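Below is coords-v4.txt, which holds compact mmCIF, C-alpha atoms and all ligand atoms.
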# COMPACT_ATOMS: atom_id res chain seq x y z
CA MET L 88 -46.17 -41.19 128.35
CA LEU L 89 -48.18 -43.78 130.17
CA ILE L 90 -46.72 -44.89 133.49
CA LYS L 91 -47.61 -48.19 135.11
CA ARG L 92 -46.29 -48.43 138.63
CA LEU L 93 -46.07 -52.01 139.88
CA TYR L 94 -45.65 -52.74 143.58
CA MET L 95 -43.47 -55.83 143.91
CA ASN L 96 -45.02 -57.06 147.15
CA ASN L 97 -41.65 -57.91 148.74
CA PRO L 98 -40.20 -57.02 152.15
CA LEU L 99 -38.06 -54.28 150.58
CA ARG L 100 -41.24 -52.70 149.16
CA ASN L 101 -39.84 -52.22 145.65
CA TYR L 102 -41.61 -50.43 142.84
CA SER L 103 -40.89 -51.32 139.22
CA TYR L 104 -42.22 -49.07 136.46
CA ILE L 105 -43.33 -49.75 132.93
CA ILE L 106 -43.34 -46.60 130.83
CA VAL L 107 -45.15 -46.80 127.53
CA CYS L 108 -45.05 -44.72 124.33
CA GLU L 109 -48.73 -44.30 123.56
CA ASP L 110 -48.08 -43.84 119.82
CA THR L 111 -46.26 -47.15 119.32
CA GLN L 112 -47.00 -49.23 122.49
CA ALA L 113 -43.23 -49.63 122.86
CA ALA L 114 -42.27 -49.78 126.52
CA ALA L 115 -39.33 -49.64 128.91
CA VAL L 116 -39.13 -51.27 132.31
CA ILE L 117 -37.35 -49.37 135.03
CA ASP L 118 -35.77 -51.61 137.69
CA PRO L 119 -37.46 -54.98 137.04
CA PHE L 120 -37.80 -57.06 140.20
CA ASP L 121 -40.59 -59.59 139.62
CA ALA L 122 -40.24 -60.45 135.93
CA ASP L 123 -43.45 -62.52 135.79
CA MET L 124 -45.57 -59.67 137.14
CA ILE L 125 -44.00 -57.26 134.65
CA LEU L 126 -44.29 -59.58 131.64
CA ASP L 127 -47.91 -60.46 132.46
CA CYS L 128 -48.81 -56.79 132.75
CA ALA L 129 -47.14 -55.91 129.44
CA LYS L 130 -48.81 -58.84 127.68
CA GLU L 131 -52.28 -58.00 129.01
CA ASN L 132 -51.92 -54.46 127.73
CA GLY L 133 -50.24 -55.23 124.40
CA TRP L 134 -47.04 -53.37 125.28
CA GLN L 135 -43.74 -54.33 123.63
CA ILE L 136 -40.89 -54.06 126.13
CA GLU L 137 -37.89 -52.82 124.15
CA LYS L 138 -35.67 -51.55 126.96
CA ILE L 139 -34.77 -52.22 130.56
CA ILE L 140 -33.32 -49.28 132.44
CA ASN L 141 -31.57 -50.01 135.73
CA THR L 142 -31.22 -46.98 137.99
CA HIS L 143 -28.36 -48.76 139.79
CA GLU L 144 -26.68 -52.07 140.44
CA HIS L 145 -28.37 -53.34 143.62
CA PHE L 146 -29.95 -56.76 143.22
CA ASP L 147 -33.48 -55.58 143.92
CA HIS L 148 -33.27 -53.23 140.93
CA ILE L 149 -31.85 -55.72 138.42
CA GLN L 150 -32.97 -59.20 139.41
CA GLY L 151 -35.72 -59.33 136.77
CA ASN L 152 -33.35 -58.35 133.93
CA GLU L 153 -32.48 -61.83 132.72
CA ALA L 154 -36.04 -63.15 132.49
CA VAL L 155 -37.37 -59.99 130.85
CA VAL L 156 -34.57 -60.08 128.25
CA LYS L 157 -35.25 -63.76 127.60
CA ALA L 158 -38.94 -63.10 126.96
CA THR L 159 -38.65 -59.82 125.03
CA GLN L 160 -35.05 -59.38 123.78
CA ALA L 161 -35.12 -56.00 125.50
CA LYS L 162 -31.85 -54.05 125.60
CA ILE L 163 -30.40 -53.16 129.02
CA VAL L 164 -29.43 -49.55 129.74
CA ALA L 165 -27.41 -48.58 132.83
CA HIS L 166 -24.84 -46.15 134.23
CA VAL L 167 -21.37 -46.36 132.73
CA ASN L 168 -19.95 -47.23 136.18
CA ALA L 169 -22.21 -50.30 136.34
CA LYS L 170 -20.42 -52.06 133.50
CA ASP L 171 -18.85 -54.62 135.85
CA SER L 172 -21.70 -54.88 138.36
CA ILE L 173 -24.74 -55.34 136.10
CA PRO L 174 -24.47 -58.31 133.74
CA ASN L 175 -25.05 -57.94 129.98
CA VAL L 176 -25.64 -54.20 129.74
CA ASP L 177 -26.17 -53.15 126.10
CA HIS L 178 -26.02 -49.36 126.47
CA LEU L 179 -23.86 -47.61 129.06
CA VAL L 180 -24.95 -44.03 129.64
CA THR L 181 -23.68 -41.00 131.45
CA ALA L 182 -24.90 -37.51 132.42
CA GLY L 183 -26.93 -35.82 129.70
CA ASP L 184 -27.41 -38.88 127.49
CA THR L 185 -30.93 -39.40 126.19
CA ILE L 186 -32.82 -42.66 126.20
CA GLN L 187 -35.59 -43.03 123.61
CA VAL L 188 -38.63 -45.25 124.16
CA GLY L 189 -40.87 -45.72 121.12
CA SER L 190 -41.38 -42.48 119.19
CA SER L 191 -42.67 -40.18 121.90
CA ILE L 192 -40.59 -40.70 125.05
CA GLU L 193 -37.22 -39.15 125.65
CA LEU L 194 -35.57 -39.57 129.03
CA THR L 195 -32.49 -37.63 130.07
CA ALA L 196 -29.98 -39.53 132.19
CA LEU L 197 -28.83 -37.70 135.31
CA ASP L 198 -25.63 -38.92 136.94
CA THR L 199 -26.70 -38.99 140.61
CA PRO L 200 -24.03 -40.46 142.89
CA GLY L 201 -24.52 -40.94 146.63
CA HIS L 202 -26.57 -44.10 147.18
CA THR L 203 -24.05 -45.80 144.89
CA PHE L 204 -21.56 -44.43 142.37
CA ALA L 205 -23.36 -46.02 139.44
CA HIS L 206 -26.74 -44.42 139.98
CA LEU L 207 -28.91 -42.80 137.31
CA CYS L 208 -32.05 -40.75 137.75
CA LEU L 209 -34.18 -40.42 134.63
CA PHE L 210 -35.86 -37.14 133.85
CA SER L 211 -38.65 -36.62 131.36
CA ALA L 212 -39.26 -32.99 130.42
CA GLN L 213 -42.15 -33.46 127.98
CA GLY L 214 -45.51 -32.34 129.34
CA THR L 215 -45.61 -32.89 133.10
CA PRO L 216 -41.97 -33.23 134.17
CA ARG L 217 -41.20 -36.56 135.80
CA LEU L 218 -38.27 -38.02 137.69
CA PHE L 219 -37.60 -41.73 138.09
CA CYS L 220 -35.19 -41.60 140.97
CA GLY L 221 -34.41 -45.16 142.09
CA ASP L 222 -32.83 -45.06 145.54
CA THR L 223 -31.57 -41.47 145.35
CA LEU L 224 -34.72 -39.66 146.43
CA PHE L 225 -37.63 -41.32 148.20
CA ASN L 226 -40.98 -39.80 149.03
CA ALA L 227 -40.21 -37.86 152.21
CA GLY L 228 -36.66 -39.21 152.38
CA ALA L 229 -33.25 -39.82 150.83
CA GLY L 230 -31.47 -43.05 149.89
CA ASN L 231 -29.06 -44.68 152.31
CA CYS L 232 -25.34 -44.35 151.68
CA TYR L 233 -24.04 -47.73 152.89
CA THR L 234 -22.49 -48.39 149.47
CA GLY L 235 -22.08 -44.73 148.57
CA ASN L 236 -21.33 -41.46 150.28
CA ALA L 237 -23.61 -38.97 152.05
CA ASN L 238 -21.62 -35.89 150.95
CA ALA L 239 -21.95 -37.03 147.34
CA LEU L 240 -25.68 -37.56 147.85
CA TYR L 241 -25.99 -34.03 149.27
CA LYS L 242 -24.25 -32.70 146.16
CA THR L 243 -26.66 -34.64 143.97
CA PHE L 244 -29.62 -33.13 145.82
CA SER L 245 -28.31 -29.56 145.95
CA GLU L 246 -26.80 -29.34 142.47
CA GLN L 247 -29.36 -31.38 140.55
CA LEU L 248 -32.62 -32.30 142.27
CA PHE L 249 -33.17 -28.91 143.92
CA LYS L 250 -32.88 -27.30 140.48
CA LEU L 251 -35.57 -29.32 138.72
CA PRO L 252 -39.03 -27.79 138.17
CA LEU L 253 -41.19 -27.81 141.31
CA ASN L 254 -44.03 -29.58 139.50
CA THR L 255 -41.77 -32.57 138.71
CA GLU L 256 -43.49 -35.81 139.70
CA VAL L 257 -41.39 -38.16 141.83
CA TYR L 258 -41.26 -41.90 141.07
CA PRO L 259 -38.92 -43.63 143.55
CA GLY L 260 -37.71 -47.23 143.72
CA HIS L 261 -39.40 -48.12 147.01
CA ASP L 262 -42.55 -47.38 148.97
CA TYR L 263 -41.11 -45.84 152.14
CA ILE L 264 -43.28 -42.73 152.53
CA THR L 265 -44.92 -43.66 155.86
CA ASN L 266 -41.66 -44.38 157.71
CA ASN L 267 -39.99 -41.42 156.11
CA LEU L 268 -42.74 -39.01 157.13
CA GLU L 269 -42.48 -40.31 160.68
CA PHE L 270 -38.75 -39.55 160.58
CA SER L 271 -39.39 -36.06 159.17
CA LEU L 272 -41.90 -35.42 161.97
CA ASP L 273 -39.46 -36.66 164.60
CA ARG L 274 -37.06 -34.01 163.30
CA GLU L 275 -39.65 -31.29 162.77
CA PRO L 276 -42.64 -31.94 165.04
CA ASP L 277 -44.27 -28.58 164.18
CA ASN L 278 -44.61 -29.42 160.48
CA GLU L 279 -48.40 -29.35 160.11
CA PHE L 280 -48.25 -30.23 156.40
CA ALA L 281 -46.31 -33.42 157.18
CA HIS L 282 -48.79 -34.36 159.93
CA GLN L 283 -51.69 -34.05 157.52
CA LEU L 284 -49.91 -35.92 154.77
CA LEU L 285 -49.06 -38.78 157.14
CA GLN L 286 -52.74 -39.12 157.92
CA GLU L 287 -53.55 -39.15 154.22
CA VAL L 288 -50.96 -41.77 153.25
CA SER L 289 -51.86 -43.99 156.20
CA ALA L 290 -55.20 -44.58 154.48
CA GLN L 291 -53.47 -45.58 151.20
CA THR L 292 -51.91 -48.88 150.12
CA PRO L 293 -48.63 -49.22 148.19
CA GLN L 294 -50.80 -49.71 145.11
CA THR L 295 -52.86 -46.58 145.65
CA ARG L 296 -50.00 -44.48 146.99
CA MET L 297 -50.07 -40.81 145.98
CA VAL L 298 -47.45 -39.50 143.58
CA THR L 299 -45.65 -36.54 145.14
CA THR L 300 -43.99 -33.61 143.39
CA LEU L 301 -40.76 -31.83 144.25
CA GLU L 302 -42.91 -29.00 145.60
CA ILE L 303 -44.57 -31.41 148.05
CA GLU L 304 -41.17 -32.87 148.97
CA GLY L 305 -39.99 -29.36 149.78
CA LYS L 306 -42.77 -29.02 152.32
CA MET L 307 -42.24 -32.25 154.25
CA ASN L 308 -39.00 -34.06 153.33
CA ALA L 309 -36.38 -33.27 156.00
CA PHE L 310 -33.64 -33.74 153.39
CA PHE L 311 -35.12 -30.80 151.46
CA ARG L 312 -35.54 -28.60 154.55
CA LEU L 313 -31.90 -28.13 155.45
CA SER L 314 -32.19 -24.56 156.69
CA ASN L 315 -35.29 -25.15 158.80
CA LYS L 316 -34.70 -23.83 162.33
CA GLN L 317 -36.42 -26.65 164.18
CA ILE L 318 -34.54 -29.29 162.19
CA ILE L 319 -31.21 -27.56 162.85
CA ASN L 320 -31.88 -27.04 166.57
CA LYS L 321 -32.93 -30.64 167.10
CA LEU L 322 -29.93 -31.87 165.14
CA LEU L 323 -27.58 -29.82 167.34
CA GLU L 324 -28.97 -31.69 170.36
CA SER L 325 -27.50 -34.89 168.88
CA PHE L 326 -24.42 -33.34 167.25
CA PRO L 327 -23.51 -30.23 169.28
CA ASP L 328 -20.16 -29.72 167.53
CA ILE L 329 -21.27 -29.47 163.91
CA SER L 330 -21.52 -26.26 161.96
CA PRO L 331 -25.05 -26.33 160.61
CA SER L 332 -24.30 -25.80 156.92
CA GLU L 333 -26.83 -27.37 154.58
CA GLU L 334 -24.33 -30.10 153.74
CA GLN L 335 -23.63 -30.95 157.39
CA VAL L 336 -27.36 -30.95 158.19
CA PHE L 337 -28.01 -33.32 155.29
CA VAL L 338 -25.15 -35.68 156.21
CA HIS L 339 -26.13 -35.83 159.89
CA LEU L 340 -29.82 -36.29 159.14
CA ARG L 341 -28.76 -39.25 157.03
CA LYS L 342 -26.74 -40.60 160.01
CA LEU L 343 -29.80 -40.40 162.25
CA ARG L 344 -32.01 -41.97 159.58
CA ASP L 345 -29.61 -44.97 159.44
CA LYS L 346 -30.60 -45.82 163.01
CA TRP L 347 -34.26 -44.85 162.73
ZN ZN L 401 -30.31 -49.56 146.17

The structure in this file should be written as structure tokens.
Amino acid sequence: MLIKRLYMNNPLRNYSYIIVCEDTQAAAVIDPFDADMILDCAKENGWQIEKIINTHEHFDHIQGNEAVVKATQAKIVAHVNAKDSIPNVDHLVTAGDTIQVGSSIELTALDTPGHTFAHLCLFSAQGTPRLFCGDTLFNAGAGNCYTGNANALYKTFSEQLFKLPLNTEVYPGHDYITNNLEFSLDREPDNEFAHQLLQEVSAQTPQTRMVTTLEIEGKMNAFFRLSNKQIINKLLESFPDISPSEEQVFVHLRKLRDKW
């Protein structure tokens, strides 16, 4: 699988991805935002876009659909719950369904509620495991729950993401790593690994941004470090009455992140 990450250069800092079957040059676009940028890139490289996969229904993950379909006749794939919120979906999928791209790519759909209730993550198990995670998991952070539910997002993390192989590469829908690391460090100031990583990513651009793995997330993402003593103690300063179960820590970290 060849992965082209395209930074959309917008205030929301979206990433769209083109994933390409190297045997057939067939391609899928995940979360098209700027259709022109995506179509130009595919044309330059001789890739045939046959599918659009929307991780969820928010406008910044679907707004390029119409123009990409017009230019390529690509079929749109989305979560079954998005049937009324994403126009013209061809294939509605649910947990465990597989999505084929060309002859060599097989993605497994994970049903990952929390950011919204129509959210898919896409997992590729062939070779290096990879996760296209939309607005569920960000580098060093977790998606907001304004149109979802933080307890559901915790469940998604604990029952699904925490169980994936540690070497899984993480491909999120936005470039938020710098802010998110600053939040993690505000919660866990003694995290030396996060300090070093923040220095490293501060020298990168959204285009040259490192790709993290779940192992790296486990070392610096506060939403993965729910039993860390410093995180719990600092959280109790803001919420003295909570019982610091992993779920409560996750939900209250998300509350603080909303105001960060
Ligand atoms: Zn979203």

Worksheet item: Mind pulling up the distance from atom CA of Thr295 of chain L to atom CA of Arg100 of chain L?
Response: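 Computing the Euclidean distance for atom CA of Arg100 of chain L and atom CA of Thr295 of chain L yields 13.6 Å.
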
With only C-alpha atoms as the counted atoms, please give the residues lying no more than 8 Å from Pro216 of chain L, apart from itself and same-chain residues fewer than 6 positions off, as a PDB file with C-alpha atoms, keeping the file's coordinate frame.
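Output below, filename out-v2.pdb:
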ATOM      1  CA  PHE L 210     -35.860 -37.140 133.850  1.00  0.00           C
ATOM      2  CA  PRO L 252     -39.030 -27.790 138.170  1.00  0.00           C
ATOM      3  CA  ASN L 254     -44.030 -29.580 139.500  1.00  0.00           C
ATOM      4  CA  THR L 255     -41.770 -32.570 138.710  1.00  0.00           C
ATOM      5  CA  GLU L 256     -43.490 -35.810 139.700  1.00  0.00           C
TER       6      GLU L 256
END

As a quick test: using all atoms listed in the file, which residues lie no more than 8 Å away from ligand ZN 401 (chain L)? Give them as a CSV table (one decimal) with C-alpha atoms, in the frame of the given file.
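Saved to out.csv:
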chain,number,residue,atom,x,y,z
L,143,HIS,CA,-28.4,-48.8,139.8
L,144,GLU,CA,-26.7,-52.1,140.4
L,145,HIS,CA,-28.4,-53.3,143.6
L,146,PHE,CA,-30.0,-56.8,143.2
L,147,ASP,CA,-33.5,-55.6,143.9
L,148,HIS,CA,-33.3,-53.2,140.9
L,202,HIS,CA,-26.6,-44.1,147.2
L,203,THR,CA,-24.0,-45.8,144.9
L,221,GLY,CA,-34.4,-45.2,142.1
L,222,ASP,CA,-32.8,-45.1,145.5
L,230,GLY,CA,-31.5,-43.0,149.9
L,231,ASN,CA,-29.1,-44.7,152.3

Worksheet entry | Neighbour list for Asp273 of chain L as a list in words, cut-off 12 Å, only C-alpha atoms, skip fewer than 4 positions in-chain |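 So, after excluding close chain neighbours, the residues are Asn266, Asn267, Leu268, Glu269, Asp277, Asn278, Ala281, His282, Met307, Asn308, Ala309, Gln317, Ile318, Lys321, Leu322, Leu340, Leu343, Arg344 and Trp347 of chain L.
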
Worksheet entry | Polymer residues at most 9 Å from Ala114 of chain L, all atoms listed in the file, same-chain spacing of 5 or more positions, as a ChimeraX atom specification | /L:105-109,129,134-139,188-189

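In terms of minimum interatomic distance to Thr243 of chain L, L:Leu197 ranks closest within L:Ile192, L:Leu197, L:Leu272, L:Ile329, counting all atoms listed in the file.
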
Worksheet entry | Exercise: Pro293 of chain L partners within 7 Å, all atoms listed in the file, chain neighbours under 2 positions left out, as JSON, numbers by chain | {"L": [94, 262, 291, 295, 296]}

Practice prompt. Choose the residue, out of L:Val116, L:Leu207, L:Ile319, L:Ala161, that has the smallest atom-to-atom separation from Leu93 of chain L; count all atoms listed in the file.
Written response: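 Among L:Val116, L:Leu207, L:Ile319, L:Ala161, it is L:Val116 that comes nearest to Leu93 of chain L.
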
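Look at everything within 10 Å of (-37.7, -40.9, 145.0) using all atoms listed in the file, and the residues you get are L:Cys208, L:Leu218, L:Phe219, L:Cys220, L:Gly221, L:Asp222, L:Thr223, L:Leu224, L:Phe225, L:Asn226, L:Ala227, L:Gly228, L:Ala229, L:Gly230, L:Glu256, L:Val257, L:Tyr258, L:Pro259, L:Gly260, L:His261, L:Asp262, L:Tyr263, L:Ile264, L:Val298, L:Thr299, L:Thr300, L:Leu301, L:Glu304.
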
Practice prompt. Could you jot down the atom CA of Glu153 of chain L to atom CA of Asp123 of chain L separation for me, Å, one decimal place?
Written response: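 Computing it gives 11.4 Å between the two atoms.
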
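For the pair atom CA of Ile149 of chain L and atom CA of Lys170 of chain L, the separation is 13.0 Å.
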
Worksheet item: Which one is closest to Met95 of chain L: L:Met297, L:Ala158, L:Gly151, L:Val336? Count all atoms listed in the file.
Response: L:Gly151

Discussion item. Please list as a list in words every residue within 9 Å of segment 177-183 of chain L, counting all atoms listed in the file and excluding residues in the same chain fewer than 4 positions away.
Written reply: Lys162, Ile163, Val164, Ala165, His166, Val167, Asn168, Ala169, Lys170, Thr195, Ala196, Leu197, Asp198, Thr199 and Leu207 of chain L

Discussion item. Between L:Glu333, L:Asn315, L:Asn320, L:Asp121, which residue has the minimum interatomic distance to Asn101 of chain L, considering all atoms listed in the file?
Written reply: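 Among the listed residues, the smallest separation from Asn101 of chain L belongs to L:Asp121.
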
Fill in: Best match for closeness to Arg274 of chain L among L:Ser325, L:Asn152, L:Ser191, L:Thr159, counting all atoms listed in the file
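Smallest distance to Arg274 of chain L is found for L:Ser325.
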
Worksheet item: Which is closest to Asp127 of chain L among L:Leu251, L:Met88, L:Val155, L:Asp328, if we use only C-alpha atoms?
Response: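 Ranking L:Leu251, L:Met88, L:Val155, L:Asp328 by distance to Asp127 of chain L, first place goes to L:Val155.
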